[in-house]
Amino acid sequence: MASTGSNSTALKRALIFLGPPGAGKGTQAKVVAEVHKLPHLSTGDMLRDHVGRGTQLGLQARPIMERGELVPDEIVLAMVEERIARADCSAGFVLDGFPRTIPQARGLDALLVRRGFGSALVLHIAVAYEDLVRRLTGRRTCKVCGEIYNVYNRAPRVDGKCDKDGGELLQRADDREEVIRERIANYDRQTRPLIDYYRGQSTLVDIDGAADAESVNRAVLAVLARL
Ligand code: AMP
């Protein structure tokens, strides 16, 4: 995906991508992490990795994720705390899918203070609900590199294969329509209140996520370049 040519200096802060499932948080977070040379921390990816490896945490998280519900705050917070403590996060990091509840946001605030970071910058990507179900049912992810496609509006050149490395494109187990509806309902109930939480701290920027990924990406990088 094209960058705006914005510089690649580290931002020295925590960036949070906030928005409903299917808003494009993962796609945008990946590009920003690449351009600004920061680690991309997706709690969904971390949890799927645990599920794939069959760890204790993975066994606990799997049924919850399959139902489209949220994994308990203590588990996710501990996972993030451990990850943020690693050396590669010292200059900043990009959070994708975390925090998702008020207790997680409060926990993150405390973590950031402990690690000497200022307040996080929150990029809130807003997308109309009608579009979310279509985006999620069409989503496919490369098994090898994690690149995200969409059969409706960002199809790979060869059906079922990643443009970058030819890896097999998979559909996530929780991208089925009935689970999607549950995830969106949970977003409304548990995650949407974070918009007001962060707006109250004046660290939230609204991004219109309705356009294609490249246009949204230009808007996101422009916001960061102004900082
Ligand atoms: P995602 O890849 O961000 O859509 O996350 C996939 C699933 O992982 C979610 O539906 C939740 O079950 C779980 N999950 C990911 N991040 C969190 C979080 N911050 N808190 C609780 N559950 C999470």
# chains A, B, ... in the order shown; residues from 1 in each chain; ligands from 1

$ residues_around --residues "A:Glu69" --least-positions-apart "5" --cutoff "8 Å" --atoms "only C-alpha atoms" --output "PDB file with all heavy atoms, in the first residue's frame"
ATOM      1  N   ILE A  64     -14.314 -18.836  23.671  1.00  0.00           N
ATOM      2  CA  ILE A  64     -14.807 -17.456  23.835  1.00  0.00           C
ATOM      3  C   ILE A  64     -14.736 -16.740  22.492  1.00  0.00           C
ATOM      4  O   ILE A  64     -15.688 -16.082  22.056  1.00  0.00           O
ATOM      5  CB  ILE A  64     -13.942 -16.707  24.884  1.00  0.00           C
ATOM      6  CG1 ILE A  64     -13.993 -17.414  26.234  1.00  0.00           C
ATOM      7  CG2 ILE A  64     -14.374 -15.249  24.996  1.00  0.00           C
ATOM      8  CD1 ILE A  64     -13.036 -16.880  27.278  1.00  0.00           C
ATOM      9  N   GLU A 182     -22.632 -10.964  16.725  1.00  0.00           N
ATOM     10  CA  GLU A 182     -22.311 -10.992  18.151  1.00  0.00           C
ATOM     11  C   GLU A 182     -21.121 -10.060  18.439  1.00  0.00           C
ATOM     12  O   GLU A 182     -21.121  -9.314  19.423  1.00  0.00           O
ATOM     13  CB  GLU A 182     -21.977 -12.442  18.550  1.00  0.00           C
ATOM     14  CG  GLU A 182     -21.649 -12.667  20.004  1.00  0.00           C
ATOM     15  CD  GLU A 182     -22.816 -12.358  20.935  1.00  0.00           C
ATOM     16  OE1 GLU A 182     -23.975 -12.440  20.488  1.00  0.00           O
ATOM     17  OE2 GLU A 182     -22.542 -12.017  22.107  1.00  0.00           O
ATOM     18  N   ARG A 183     -20.111 -10.094  17.567  1.00  0.00           N
ATOM     19  CA  ARG A 183     -18.922  -9.253  17.776  1.00  0.00           C
ATOM     20  C   ARG A 183     -19.300  -7.775  17.685  1.00  0.00           C
ATOM     21  O   ARG A 183     -18.806  -6.960  18.456  1.00  0.00           O
ATOM     22  CB  ARG A 183     -17.837  -9.607  16.744  1.00  0.00           C
ATOM     23  CG  ARG A 183     -17.184 -10.963  17.035  1.00  0.00           C
ATOM     24  CD  ARG A 183     -16.445 -11.506  15.828  1.00  0.00           C
ATOM     25  NE  ARG A 183     -15.363 -10.659  15.389  1.00  0.00           N
ATOM     26  CZ  ARG A 183     -14.882 -10.648  14.137  1.00  0.00           C
ATOM     27  NH1 ARG A 183     -15.392 -11.450  13.229  1.00  0.00           N
ATOM     28  NH2 ARG A 183     -13.900  -9.866  13.831  1.00  0.00           N
ATOM     29  N   ASN A 186     -21.134  -6.817  20.809  1.00  0.00           N
ATOM     30  CA  ASN A 186     -20.191  -6.657  21.919  1.00  0.00           C
ATOM     31  C   ASN A 186     -19.394  -5.376  21.799  1.00  0.00           C
ATOM     32  O   ASN A 186     -19.063  -4.731  22.798  1.00  0.00           O
ATOM     33  CB  ASN A 186     -19.230  -7.857  22.000  1.00  0.00           C
ATOM     34  CG  ASN A 186     -19.920  -9.063  22.605  1.00  0.00           C
ATOM     35  OD1 ASN A 186     -20.821  -8.911  23.421  1.00  0.00           O
ATOM     36  ND2 ASN A 186     -19.536 -10.245  22.183  1.00  0.00           N
TER      37      ASN A 186
END

$ residues_near_ligand --ligand "ligand 1" --cutoff "7 Å" --atoms "only C-alpha atoms and all ligand atoms" --output "PDB file with all heavy atoms, in the first residue's frame"
ATOM      1  N   PRO A  21     -15.321  -4.165  14.641  1.00  0.00           N
ATOM      2  CA  PRO A  21     -14.723  -5.206  13.811  1.00  0.00           C
ATOM      3  C   PRO A  21     -15.028  -4.907  12.345  1.00  0.00           C
ATOM      4  O   PRO A  21     -16.164  -4.559  12.029  1.00  0.00           O
ATOM      5  CB  PRO A  21     -15.418  -6.501  14.255  1.00  0.00           C
ATOM      6  CG  PRO A  21     -16.335  -6.158  15.357  1.00  0.00           C
ATOM      7  CD  PRO A  21     -16.342  -4.682  15.567  1.00  0.00           C
ATOM      8  N   SER A  42      -1.255  -6.752  17.820  1.00  0.00           N
ATOM      9  CA  SER A  42      -2.665  -7.104  17.659  1.00  0.00           C
ATOM     10  C   SER A  42      -3.010  -8.178  18.681  1.00  0.00           C
ATOM     11  O   SER A  42      -2.477  -9.289  18.626  1.00  0.00           O
ATOM     12  CB  SER A  42      -2.900  -7.631  16.234  1.00  0.00           C
ATOM     13  OG  SER A  42      -4.029  -8.469  16.214  1.00  0.00           O
ATOM     14  N   THR A  43      -3.900  -7.836  19.618  1.00  0.00           N
ATOM     15  CA  THR A  43      -4.252  -8.835  20.641  1.00  0.00           C
ATOM     16  C   THR A  43      -4.995 -10.010  19.993  1.00  0.00           C
ATOM     17  O   THR A  43      -4.865 -11.141  20.438  1.00  0.00           O
ATOM     18  CB  THR A  43      -5.088  -8.210  21.771  1.00  0.00           C
ATOM     19  OG1 THR A  43      -6.088  -7.349  21.209  1.00  0.00           O
ATOM     20  CG2 THR A  43      -4.214  -7.427  22.721  1.00  0.00           C
ATOM     21  N   GLY A  44      -5.752  -9.729  18.926  1.00  0.00           N
ATOM     22  CA  GLY A  44      -6.421 -10.819  18.214  1.00  0.00           C
ATOM     23  C   GLY A  44      -5.402 -11.795  17.631  1.00  0.00           C
ATOM     24  O   GLY A  44      -5.545 -13.016  17.765  1.00  0.00           O
ATOM     25  N   ASP A  45      -4.341 -11.260  16.999  1.00  0.00           N
ATOM     26  CA  ASP A  45      -3.288 -12.123  16.438  1.00  0.00           C
ATOM     27  C   ASP A  45      -2.587 -12.909  17.544  1.00  0.00           C
ATOM     28  O   ASP A  45      -2.294 -14.098  17.394  1.00  0.00           O
ATOM     29  CB  ASP A  45      -2.229 -11.290  15.691  1.00  0.00           C
ATOM     30  CG  ASP A  45      -2.715 -10.816  14.321  1.00  0.00           C
ATOM     31  OD1 ASP A  45      -3.787 -11.277  13.872  1.00  0.00           O
ATOM     32  OD2 ASP A  45      -2.025  -9.968  13.712  1.00  0.00           O
ATOM     33  N   LEU A  47      -3.781 -13.787  20.427  1.00  0.00           N
ATOM     34  CA  LEU A  47      -4.678 -14.832  20.941  1.00  0.00           C
ATOM     35  C   LEU A  47      -4.804 -15.979  19.934  1.00  0.00           C
ATOM     36  O   LEU A  47      -4.793 -17.155  20.320  1.00  0.00           O
ATOM     37  CB  LEU A  47      -6.053 -14.239  21.262  1.00  0.00           C
ATOM     38  CG  LEU A  47      -6.096 -13.309  22.480  1.00  0.00           C
ATOM     39  CD1 LEU A  47      -7.394 -12.508  22.516  1.00  0.00           C
ATOM     40  CD2 LEU A  47      -5.947 -14.116  23.773  1.00  0.00           C
ATOM     41  N   ILE A  64     -14.314 -18.836  23.671  1.00  0.00           N
ATOM     42  CA  ILE A  64     -14.807 -17.456  23.835  1.00  0.00           C
ATOM     43  C   ILE A  64     -14.736 -16.740  22.492  1.00  0.00           C
ATOM     44  O   ILE A  64     -15.688 -16.082  22.056  1.00  0.00           O
ATOM     45  CB  ILE A  64     -13.942 -16.707  24.884  1.00  0.00           C
ATOM     46  CG1 ILE A  64     -13.993 -17.414  26.234  1.00  0.00           C
ATOM     47  CG2 ILE A  64     -14.374 -15.249  24.996  1.00  0.00           C
ATOM     48  CD1 ILE A  64     -13.036 -16.880  27.278  1.00  0.00           C
ATOM     49  N   MET A  65     -13.608 -16.905  21.811  1.00  0.00           N
ATOM     50  CA  MET A  65     -13.416 -16.246  20.513  1.00  0.00           C
ATOM     51  C   MET A  65     -14.393 -16.814  19.477  1.00  0.00           C
ATOM     52  O   MET A  65     -14.918 -16.083  18.643  1.00  0.00           O
ATOM     53  CB  MET A  65     -11.978 -16.411  20.041  1.00  0.00           C
ATOM     54  CG  MET A  65     -10.983 -15.669  20.920  1.00  0.00           C
ATOM     55  SD  MET A  65      -9.276 -16.078  20.569  1.00  0.00           S
ATOM     56  CE  MET A  65      -8.987 -15.130  19.081  1.00  0.00           C
ATOM     57  N   GLY A  68     -17.536 -15.145  19.565  1.00  0.00           N
ATOM     58  CA  GLY A  68     -17.505 -13.713  19.246  1.00  0.00           C
ATOM     59  C   GLY A  68     -17.534 -12.839  20.488  1.00  0.00           C
ATOM     60  O   GLY A  68     -17.830 -11.655  20.423  1.00  0.00           O
ATOM     61  N   GLU A  69     -17.215 -13.457  21.651  1.00  0.00           N
ATOM     62  CA  GLU A  69     -17.208 -12.687  22.901  1.00  0.00           C
ATOM     63  C   GLU A  69     -15.793 -12.211  23.221  1.00  0.00           C
ATOM     64  O   GLU A  69     -14.844 -12.606  22.540  1.00  0.00           O
ATOM     65  CB  GLU A  69     -17.737 -13.571  24.045  1.00  0.00           C
ATOM     66  CG  GLU A  69     -19.198 -13.912  23.858  1.00  0.00           C
ATOM     67  CD  GLU A  69     -19.674 -15.018  24.789  1.00  0.00           C
ATOM     68  OE1 GLU A  69     -18.904 -15.419  25.681  1.00  0.00           O
ATOM     69  OE2 GLU A  69     -20.813 -15.484  24.588  1.00  0.00           O
ATOM     70  N   LEU A  70     -15.675 -11.419  24.264  1.00  0.00           N
ATOM     71  CA  LEU A  70     -14.354 -10.914  24.631  1.00  0.00           C
ATOM     72  C   LEU A  70     -13.690 -11.807  25.674  1.00  0.00           C
ATOM     73  O   LEU A  70     -14.327 -12.275  26.618  1.00  0.00           O
ATOM     74  CB  LEU A  70     -14.445  -9.486  25.186  1.00  0.00           C
ATOM     75  CG  LEU A  70     -14.885  -8.406  24.201  1.00  0.00           C
ATOM     76  CD1 LEU A  70     -14.793  -7.020  24.852  1.00  0.00           C
ATOM     77  CD2 LEU A  70     -14.078  -8.433  22.909  1.00  0.00           C
ATOM     78  N   VAL A  71     -12.398 -12.008  25.490  1.00  0.00           N
ATOM     79  CA  VAL A  71     -11.580 -12.767  26.438  1.00  0.00           C
ATOM     80  C   VAL A  71     -11.455 -11.897  27.703  1.00  0.00           C
ATOM     81  O   VAL A  71     -11.390 -10.663  27.596  1.00  0.00           O
ATOM     82  CB  VAL A  71     -10.192 -13.035  25.773  1.00  0.00           C
ATOM     83  CG1 VAL A  71      -9.217 -13.666  26.740  1.00  0.00           C
ATOM     84  CG2 VAL A  71     -10.378 -13.898  24.509  1.00  0.00           C
ATOM     85  N   PRO A  72     -11.418 -12.513  28.913  1.00  0.00           N
ATOM     86  CA  PRO A  72     -11.387 -11.712  30.152  1.00  0.00           C
ATOM     87  C   PRO A  72     -10.242 -10.683  30.180  1.00  0.00           C
ATOM     88  O   PRO A  72      -9.135 -10.948  29.705  1.00  0.00           O
ATOM     89  CB  PRO A  72     -11.207 -12.770  31.249  1.00  0.00           C
ATOM     90  CG  PRO A  72     -11.796 -14.015  30.672  1.00  0.00           C
ATOM     91  CD  PRO A  72     -11.527 -13.950  29.197  1.00  0.00           C
ATOM     92  N   ASP A  73     -10.556  -9.536  30.761  1.00  0.00           N
ATOM     93  CA  ASP A  73      -9.605  -8.419  30.803  1.00  0.00           C
ATOM     94  C   ASP A  73      -8.247  -8.810  31.386  1.00  0.00           C
ATOM     95  O   ASP A  73      -7.207  -8.411  30.855  1.00  0.00           O
ATOM     96  CB  ASP A  73     -10.186  -7.270  31.659  1.00  0.00           C
ATOM     97  CG  ASP A  73     -11.384  -6.605  30.986  1.00  0.00           C
ATOM     98  OD1 ASP A  73     -11.448  -6.615  29.746  1.00  0.00           O
ATOM     99  OD2 ASP A  73     -12.249  -6.078  31.713  1.00  0.00           O
ATOM    100  N   VAL A  76      -5.992 -10.596  28.860  1.00  0.00           N
ATOM    101  CA  VAL A  76      -5.492  -9.757  27.766  1.00  0.00           C
ATOM    102  C   VAL A  76      -4.499  -8.729  28.299  1.00  0.00           C
ATOM    103  O   VAL A  76      -3.451  -8.477  27.689  1.00  0.00           O
ATOM    104  CB  VAL A  76      -6.673  -9.071  27.044  1.00  0.00           C
ATOM    105  CG1 VAL A  76      -6.188  -8.265  25.866  1.00  0.00           C
ATOM    106  CG2 VAL A  76      -7.676 -10.108  26.560  1.00  0.00           C
ATOM    107  N   ASP A  96      -3.631  -2.694  18.155  1.00  0.00           N
ATOM    108  CA  ASP A  96      -4.724  -3.002  17.226  1.00  0.00           C
ATOM    109  C   ASP A  96      -5.654  -4.001  17.917  1.00  0.00           C
ATOM    110  O   ASP A  96      -5.252  -5.126  18.215  1.00  0.00           O
ATOM    111  CB  ASP A  96      -4.063  -3.570  15.953  1.00  0.00           C
ATOM    112  CG  ASP A  96      -4.991  -4.352  15.065  1.00  0.00           C
ATOM    113  OD1 ASP A  96      -6.217  -4.274  15.240  1.00  0.00           O
ATOM    114  OD2 ASP A  96      -4.459  -5.062  14.175  1.00  0.00           O
ATOM    115  N   GLY A  97      -6.857  -3.556  18.250  1.00  0.00           N
ATOM    116  CA  GLY A  97      -7.805  -4.457  18.926  1.00  0.00           C
ATOM    117  C   GLY A  97      -7.678  -4.421  20.445  1.00  0.00           C
ATOM    118  O   GLY A  97      -8.272  -5.252  21.131  1.00  0.00           O
ATOM    119  N   PHE A  98      -6.933  -3.509  20.955  1.00  0.00           N
ATOM    120  CA  PHE A  98      -6.742  -3.326  22.397  1.00  0.00           C
ATOM    121  C   PHE A  98      -6.523  -1.853  22.664  1.00  0.00           C
ATOM    122  O   PHE A  98      -5.767  -1.236  21.926  1.00  0.00           O
ATOM    123  CB  PHE A  98      -5.529  -4.127  22.881  1.00  0.00           C
ATOM    124  CG  PHE A  98      -5.232  -3.919  24.347  1.00  0.00           C
ATOM    125  CD1 PHE A  98      -5.789  -4.746  25.307  1.00  0.00           C
ATOM    126  CD2 PHE A  98      -4.409  -2.873  24.761  1.00  0.00           C
ATOM    127  CE1 PHE A  98      -5.535  -4.538  26.658  1.00  0.00           C
ATOM    128  CE2 PHE A  98      -4.158  -2.661  26.104  1.00  0.00           C
ATOM    129  CZ  PHE A  98      -4.714  -3.503  27.048  1.00  0.00           C
ATOM    130  N   PRO A  99      -7.117  -1.250  23.704  1.00  0.00           N
ATOM    131  CA  PRO A  99      -8.068  -1.854  24.637  1.00  0.00           C
ATOM    132  C   PRO A  99      -9.463  -1.971  24.017  1.00  0.00           C
ATOM    133  O   PRO A  99      -9.793  -1.297  23.057  1.00  0.00           O
ATOM    134  CB  PRO A  99      -8.078  -0.859  25.798  1.00  0.00           C
ATOM    135  CG  PRO A  99      -7.730   0.456  25.179  1.00  0.00           C
ATOM    136  CD  PRO A  99      -6.806   0.153  24.030  1.00  0.00           C
ATOM    137  N   ARG A 100     -10.272  -2.856  24.606  1.00  0.00           N
ATOM    138  CA  ARG A 100     -11.631  -3.094  24.129  1.00  0.00           C
ATOM    139  C   ARG A 100     -12.678  -2.906  25.206  1.00  0.00           C
ATOM    140  O   ARG A 100     -13.863  -3.055  24.931  1.00  0.00           O
ATOM    141  CB  ARG A 100     -11.729  -4.532  23.618  1.00  0.00           C
ATOM    142  CG  ARG A 100     -11.680  -4.668  22.092  1.00  0.00           C
ATOM    143  CD  ARG A 100     -11.643  -6.139  21.798  1.00  0.00           C
ATOM    144  NE  ARG A 100     -12.150  -6.525  20.532  1.00  0.00           N
ATOM    145  CZ  ARG A 100     -11.367  -6.908  19.507  1.00  0.00           C
ATOM    146  NH1 ARG A 100     -10.066  -6.824  19.592  1.00  0.00           N
ATOM    147  NH2 ARG A 100     -11.916  -7.351  18.409  1.00  0.00           N
ATOM    148  N   ARG A 183     -20.111 -10.094  17.567  1.00  0.00           N
ATOM    149  CA  ARG A 183     -18.922  -9.253  17.776  1.00  0.00           C
ATOM    150  C   ARG A 183     -19.300  -7.775  17.685  1.00  0.00           C
ATOM    151  O   ARG A 183     -18.806  -6.960  18.456  1.00  0.00           O
ATOM    152  CB  ARG A 183     -17.837  -9.607  16.744  1.00  0.00           C
ATOM    153  CG  ARG A 183     -17.184 -10.963  17.035  1.00  0.00           C
ATOM    154  CD  ARG A 183     -16.445 -11.506  15.828  1.00  0.00           C
ATOM    155  NE  ARG A 183     -15.363 -10.659  15.389  1.00  0.00           N
ATOM    156  CZ  ARG A 183     -14.882 -10.648  14.137  1.00  0.00           C
ATOM    157  NH1 ARG A 183     -15.392 -11.450  13.229  1.00  0.00           N
ATOM    158  NH2 ARG A 183     -13.900  -9.866  13.831  1.00  0.00           N
TER     159      ARG A 183
END

$ residues_around --residues "A:Arg106" --least-positions-apart "3" --cutoff "12 Å" --atoms "only C-alpha atoms" --output "VMD selection string"
chain A and resid 73 to 74 77 98 to 103 109 to 113 119 to 120 194 197 to 198

$ write_last_selection --atoms "C-alpha atoms" --output "compact mmCIF listing (two decimals), in the first residue's frame"
# COMPACT_ATOMS: atom_id res chain seq x y z
CA ASP A 73 -9.60 -8.42 30.80
CA GLU A 74 -6.97 -9.88 33.17
CA LEU A 77 -3.91 -7.15 30.04
CA PHE A 98 -6.74 -3.33 22.40
CA PRO A 99 -8.07 -1.85 24.64
CA ARG A 100 -11.63 -3.09 24.13
CA THR A 101 -13.16 -2.38 27.53
CA ILE A 102 -12.94 0.46 30.07
CA PRO A 103 -10.99 -1.74 32.56
CA ASP A 109 -3.11 3.96 31.25
CA ALA A 110 -1.36 2.57 34.32
CA LEU A 111 1.03 0.52 32.17
CA LEU A 112 1.94 3.56 30.08
CA VAL A 113 2.66 5.64 33.20
CA SER A 119 -0.97 9.49 26.95
CA ALA A 120 -1.77 7.29 23.98
CA LEU A 194 -13.97 4.02 24.96
CA TYR A 197 -13.31 7.84 27.55
CA TYR A 198 -10.48 8.90 25.23

$ residues_around --residues "A:Asp212" --least-positions-apart "6" --cutoff "12 Å" --atoms "only C-alpha atoms" --output "list in words"
Met1, Ala23, Gly24, Thr27, Gln28, Val127, Asp131, Arg135, Tyr149, Asn150, Tyr152, Asn153, Arg154, Arg218 and Ala219 of chain A

$ write_last_selection --atoms "N, CA, C and O atoms" --output "short mmCIF file (atom, residue, chain, number, x, y, z; two decimals), in the first residue's frame"
data_model
loop_
_atom_site.label_atom_id
_atom_site.label_comp_id
_atom_site.auth_asym_id
_atom_site.auth_seq_id
_atom_site.Cartn_x
_atom_site.Cartn_y
_atom_site.Cartn_z
N MET A 1 0.84 -1.19 0.00
CA MET A 1 0.00 0.00 0.00
C MET A 1 0.88 1.25 0.00
O MET A 1 1.92 1.29 0.66
N ALA A 23 -13.58 -2.44 10.63
CA ALA A 23 -13.34 -1.03 10.28
C ALA A 23 -12.03 -0.85 9.52
O ALA A 23 -11.81 0.18 8.90
N GLY A 24 -11.17 -1.87 9.59
CA GLY A 24 -9.88 -1.77 8.90
C GLY A 24 -8.73 -1.46 9.84
O GLY A 24 -7.67 -1.02 9.42
N THR A 27 -5.51 -3.56 8.99
CA THR A 27 -4.87 -3.11 7.75
C THR A 27 -4.12 -1.81 7.99
O THR A 27 -2.96 -1.65 7.60
N GLN A 28 -4.76 -0.85 8.64
CA GLN A 28 -4.14 0.45 8.88
C GLN A 28 -2.99 0.35 9.89
O GLN A 28 -1.94 0.96 9.70
N VAL A 127 -16.95 3.45 10.63
CA VAL A 127 -17.52 2.86 9.40
C VAL A 127 -18.99 2.53 9.67
O VAL A 127 -19.33 2.05 10.77
N ASP A 131 -21.84 -1.62 6.27
CA ASP A 131 -20.63 -2.03 5.54
C ASP A 131 -19.81 -3.09 6.27
O ASP A 131 -19.05 -3.83 5.66
N ARG A 135 -17.75 -6.39 4.80
CA ARG A 135 -16.29 -6.40 4.86
C ARG A 135 -15.77 -7.65 5.56
O ARG A 135 -14.79 -8.26 5.15
N TYR A 149 -6.92 -9.37 2.60
CA TYR A 149 -7.61 -9.11 1.33
C TYR A 149 -9.10 -9.05 1.59
O TYR A 149 -9.57 -9.39 2.67
N ASN A 150 -9.85 -8.67 0.55
CA ASN A 150 -11.30 -8.76 0.63
C ASN A 150 -11.84 -9.18 -0.73
O ASN A 150 -11.53 -8.54 -1.73
N TYR A 152 -14.56 -8.84 -2.01
CA TYR A 152 -15.45 -7.88 -2.66
C TYR A 152 -14.71 -6.67 -3.22
O TYR A 152 -15.01 -6.19 -4.29
N ASN A 153 -13.74 -6.15 -2.45
CA ASN A 153 -13.12 -4.90 -2.93
C ASN A 153 -11.60 -4.85 -2.87
O ASN A 153 -11.00 -3.83 -3.19
N ARG A 154 -10.98 -5.94 -2.43
CA ARG A 154 -9.51 -5.97 -2.48
C ARG A 154 -9.10 -7.41 -2.75
O ARG A 154 -8.44 -8.06 -1.95
N ARG A 218 -3.97 7.18 3.69
CA ARG A 218 -3.42 8.53 3.48
C ARG A 218 -3.89 9.47 4.59
O ARG A 218 -3.11 10.26 5.12
N ALA A 219 -5.16 9.34 4.97
CA ALA A 219 -5.70 10.20 6.04
C ALA A 219 -5.00 9.92 7.36
O ALA A 219 -4.64 10.84 8.10
#

$ select_by_dssp --residues "chain A" --states "helix (DSSP H, G or I)" --output "MDAnalysis selection string"
chainID A and resid 25:35 43:53 56:66 73:84 87:89 102:114 129:138 177:191 193:199 213:225

$ write_last_selection --atoms "C-alpha atoms" --output "compact mmCIF listing (two decimals), in the first residue's frame"
# COMPACT_ATOMS: atom_id res chain seq x y z
CA LYS A 25 -7.89 -1.42 12.13
CA GLY A 26 -5.57 -4.29 11.28
CA THR A 27 -4.87 -3.11 7.75
CA GLN A 28 -4.14 0.45 8.88
CA ALA A 29 -2.17 -0.54 11.97
CA LYS A 30 0.14 -2.70 9.87
CA VAL A 31 1.01 0.11 7.46
CA VAL A 32 1.53 2.67 10.23
CA ALA A 33 3.77 0.24 12.10
CA GLU A 34 5.80 -0.34 8.94
CA VAL A 35 6.13 3.35 8.00
CA THR A 43 -4.25 -8.84 20.64
CA GLY A 44 -6.42 -10.82 18.21
CA ASP A 45 -3.29 -12.12 16.44
CA MET A 46 -1.61 -12.92 19.77
CA LEU A 47 -4.68 -14.83 20.94
CA ARG A 48 -5.00 -16.70 17.62
CA ASP A 49 -1.33 -17.63 17.94
CA HIS A 50 -2.03 -19.11 21.40
CA VAL A 51 -5.04 -20.97 20.01
CA GLY A 52 -2.94 -22.30 17.11
CA ARG A 53 -0.20 -23.52 19.46
CA GLN A 56 -3.22 -23.10 28.20
CA LEU A 57 -4.24 -19.54 27.37
CA GLY A 58 -5.25 -20.62 23.87
CA LEU A 59 -7.44 -23.44 25.20
CA GLN A 60 -9.18 -20.97 27.48
CA ALA A 61 -9.60 -18.28 24.78
CA ARG A 62 -10.71 -20.48 21.90
CA PRO A 63 -14.38 -21.10 22.82
CA ILE A 64 -14.81 -17.46 23.84
CA MET A 65 -13.42 -16.25 20.51
CA GLU A 66 -15.54 -18.73 18.57
CA ASP A 73 -9.60 -8.42 30.80
CA GLU A 74 -6.97 -9.88 33.17
CA ILE A 75 -5.79 -12.34 30.52
CA VAL A 76 -5.49 -9.76 27.77
CA LEU A 77 -3.91 -7.15 30.04
CA ALA A 78 -1.26 -9.61 31.23
CA MET A 79 -0.49 -10.58 27.63
CA VAL A 80 -0.11 -6.92 26.59
CA GLU A 81 1.95 -6.04 29.67
CA GLU A 82 4.42 -8.80 28.86
CA ARG A 83 4.65 -7.73 25.21
CA ILE A 84 5.09 -4.00 25.94
CA ALA A 87 12.87 -3.83 24.18
CA ASP A 88 11.34 -3.29 20.72
CA CYS A 89 8.44 -1.37 22.31
CA ILE A 102 -12.94 0.46 30.07
CA PRO A 103 -10.99 -1.74 32.56
CA GLN A 104 -8.49 -2.54 29.76
CA ALA A 105 -8.13 1.18 28.97
CA ARG A 106 -7.52 1.98 32.65
CA GLY A 107 -5.03 -0.89 32.87
CA LEU A 108 -3.23 0.43 29.79
CA ASP A 109 -3.11 3.96 31.25
CA ALA A 110 -1.36 2.57 34.32
CA LEU A 111 1.03 0.52 32.17
CA LEU A 112 1.94 3.56 30.08
CA VAL A 113 2.66 5.64 33.20
CA ARG A 114 4.83 2.85 34.60
CA TYR A 129 -22.64 -0.74 10.29
CA GLU A 130 -24.15 -1.89 6.99
CA ASP A 131 -20.63 -2.03 5.54
CA LEU A 132 -19.08 -4.00 8.39
CA VAL A 133 -20.82 -7.33 7.79
CA ARG A 134 -19.91 -7.26 4.10
CA ARG A 135 -16.29 -6.40 4.86
CA LEU A 136 -15.96 -9.16 7.44
CA THR A 137 -17.63 -11.90 5.41
CA GLY A 138 -15.33 -11.00 2.47
CA GLU A 177 -22.30 -13.98 9.86
CA GLU A 178 -23.87 -15.05 13.18
CA VAL A 179 -20.56 -14.57 15.02
CA ILE A 180 -20.01 -11.23 13.28
CA ARG A 181 -23.34 -9.96 14.64
CA GLU A 182 -22.31 -10.99 18.15
CA ARG A 183 -18.92 -9.25 17.78
CA ILE A 184 -20.57 -6.04 16.59
CA ALA A 185 -23.08 -6.19 19.48
CA ASN A 186 -20.19 -6.66 21.92
CA TYR A 187 -18.37 -3.73 20.35
CA ASP A 188 -21.41 -1.53 20.95
CA ARG A 189 -21.80 -2.65 24.54
CA GLN A 190 -18.20 -2.90 25.72
CA THR A 191 -15.87 -1.02 23.36
CA PRO A 193 -17.74 3.66 25.50
CA LEU A 194 -13.97 4.02 24.96
CA ILE A 195 -14.63 6.72 22.37
CA ASP A 196 -15.96 9.03 25.11
CA TYR A 197 -13.31 7.84 27.55
CA TYR A 198 -10.48 8.90 25.23
CA ARG A 199 -12.26 11.95 23.86
CA ALA A 213 -7.96 1.20 2.44
CA GLU A 214 -5.46 3.35 0.51
CA SER A 215 -7.46 6.58 1.00
CA VAL A 216 -8.01 5.85 4.69
CA ASN A 217 -4.31 5.15 4.97
CA ARG A 218 -3.42 8.53 3.48
CA ALA A 219 -5.70 10.20 6.04
CA VAL A 220 -4.14 8.25 8.91
CA LEU A 221 -0.56 9.02 7.86
CA ALA A 222 -1.45 12.69 7.37
CA VAL A 223 -2.76 12.87 10.97
CA LEU A 224 0.47 11.32 12.25
CA ALA A 225 2.64 13.61 10.10

$ atom_distance --atom1 "atom CA of A:Glu147" --atom2 "atom CA of A:Lys164"
8.2 Å

$ residues_around --residues "stretch 121-123 of chain A" --least-positions-apart "6" --cutoff "8 Å" --atoms "only C-alpha atoms" --output "PyMOL selection string"
chain A and resi 13-18+198+203-207+220

$ residues_around --residues "stretch 155-159 of chain A" --least-positions-apart "6" --cutoff "12 Å" --atoms "only C-alpha atoms" --output "PyMOL selection string"
chain A and resi 135+138-142+147-149+165-170

$ write_last_selection --atoms "C-alpha atoms" --output "mmCIF file, in the first residue's frame"
data_model
loop_
_atom_site.group_PDB
_atom_site.id
_atom_site.type_symbol
_atom_site.label_atom_id
_atom_site.label_comp_id
_atom_site.auth_asym_id
_atom_site.auth_seq_id
_atom_site.Cartn_x
_atom_site.Cartn_y
_atom_site.Cartn_z
ATOM 1 C CA ARG A 135 -16.289 -6.399 4.863
ATOM 2 C CA GLY A 138 -15.333 -11.002 2.472
ATOM 3 C CA ARG A 139 -12.121 -10.863 4.516
ATOM 4 C CA ARG A 140 -9.328 -13.335 3.744
ATOM 5 C CA THR A 141 -5.917 -13.425 5.425
ATOM 6 C CA CYS A 142 -2.648 -14.853 4.099
ATOM 7 C CA GLU A 147 -1.708 -9.709 4.481
ATOM 8 C CA ILE A 148 -5.434 -8.920 4.470
ATOM 9 C CA TYR A 149 -7.606 -9.110 1.327
ATOM 10 C CA ASP A 165 4.113 -14.740 -1.391
ATOM 11 C CA GLY A 166 1.497 -17.043 -2.922
ATOM 12 C CA GLY A 167 0.427 -18.152 0.576
ATOM 13 C CA GLU A 168 -2.991 -19.702 1.034
ATOM 14 C CA LEU A 169 -5.725 -17.185 1.948
ATOM 15 C CA LEU A 170 -7.848 -18.261 4.907
#
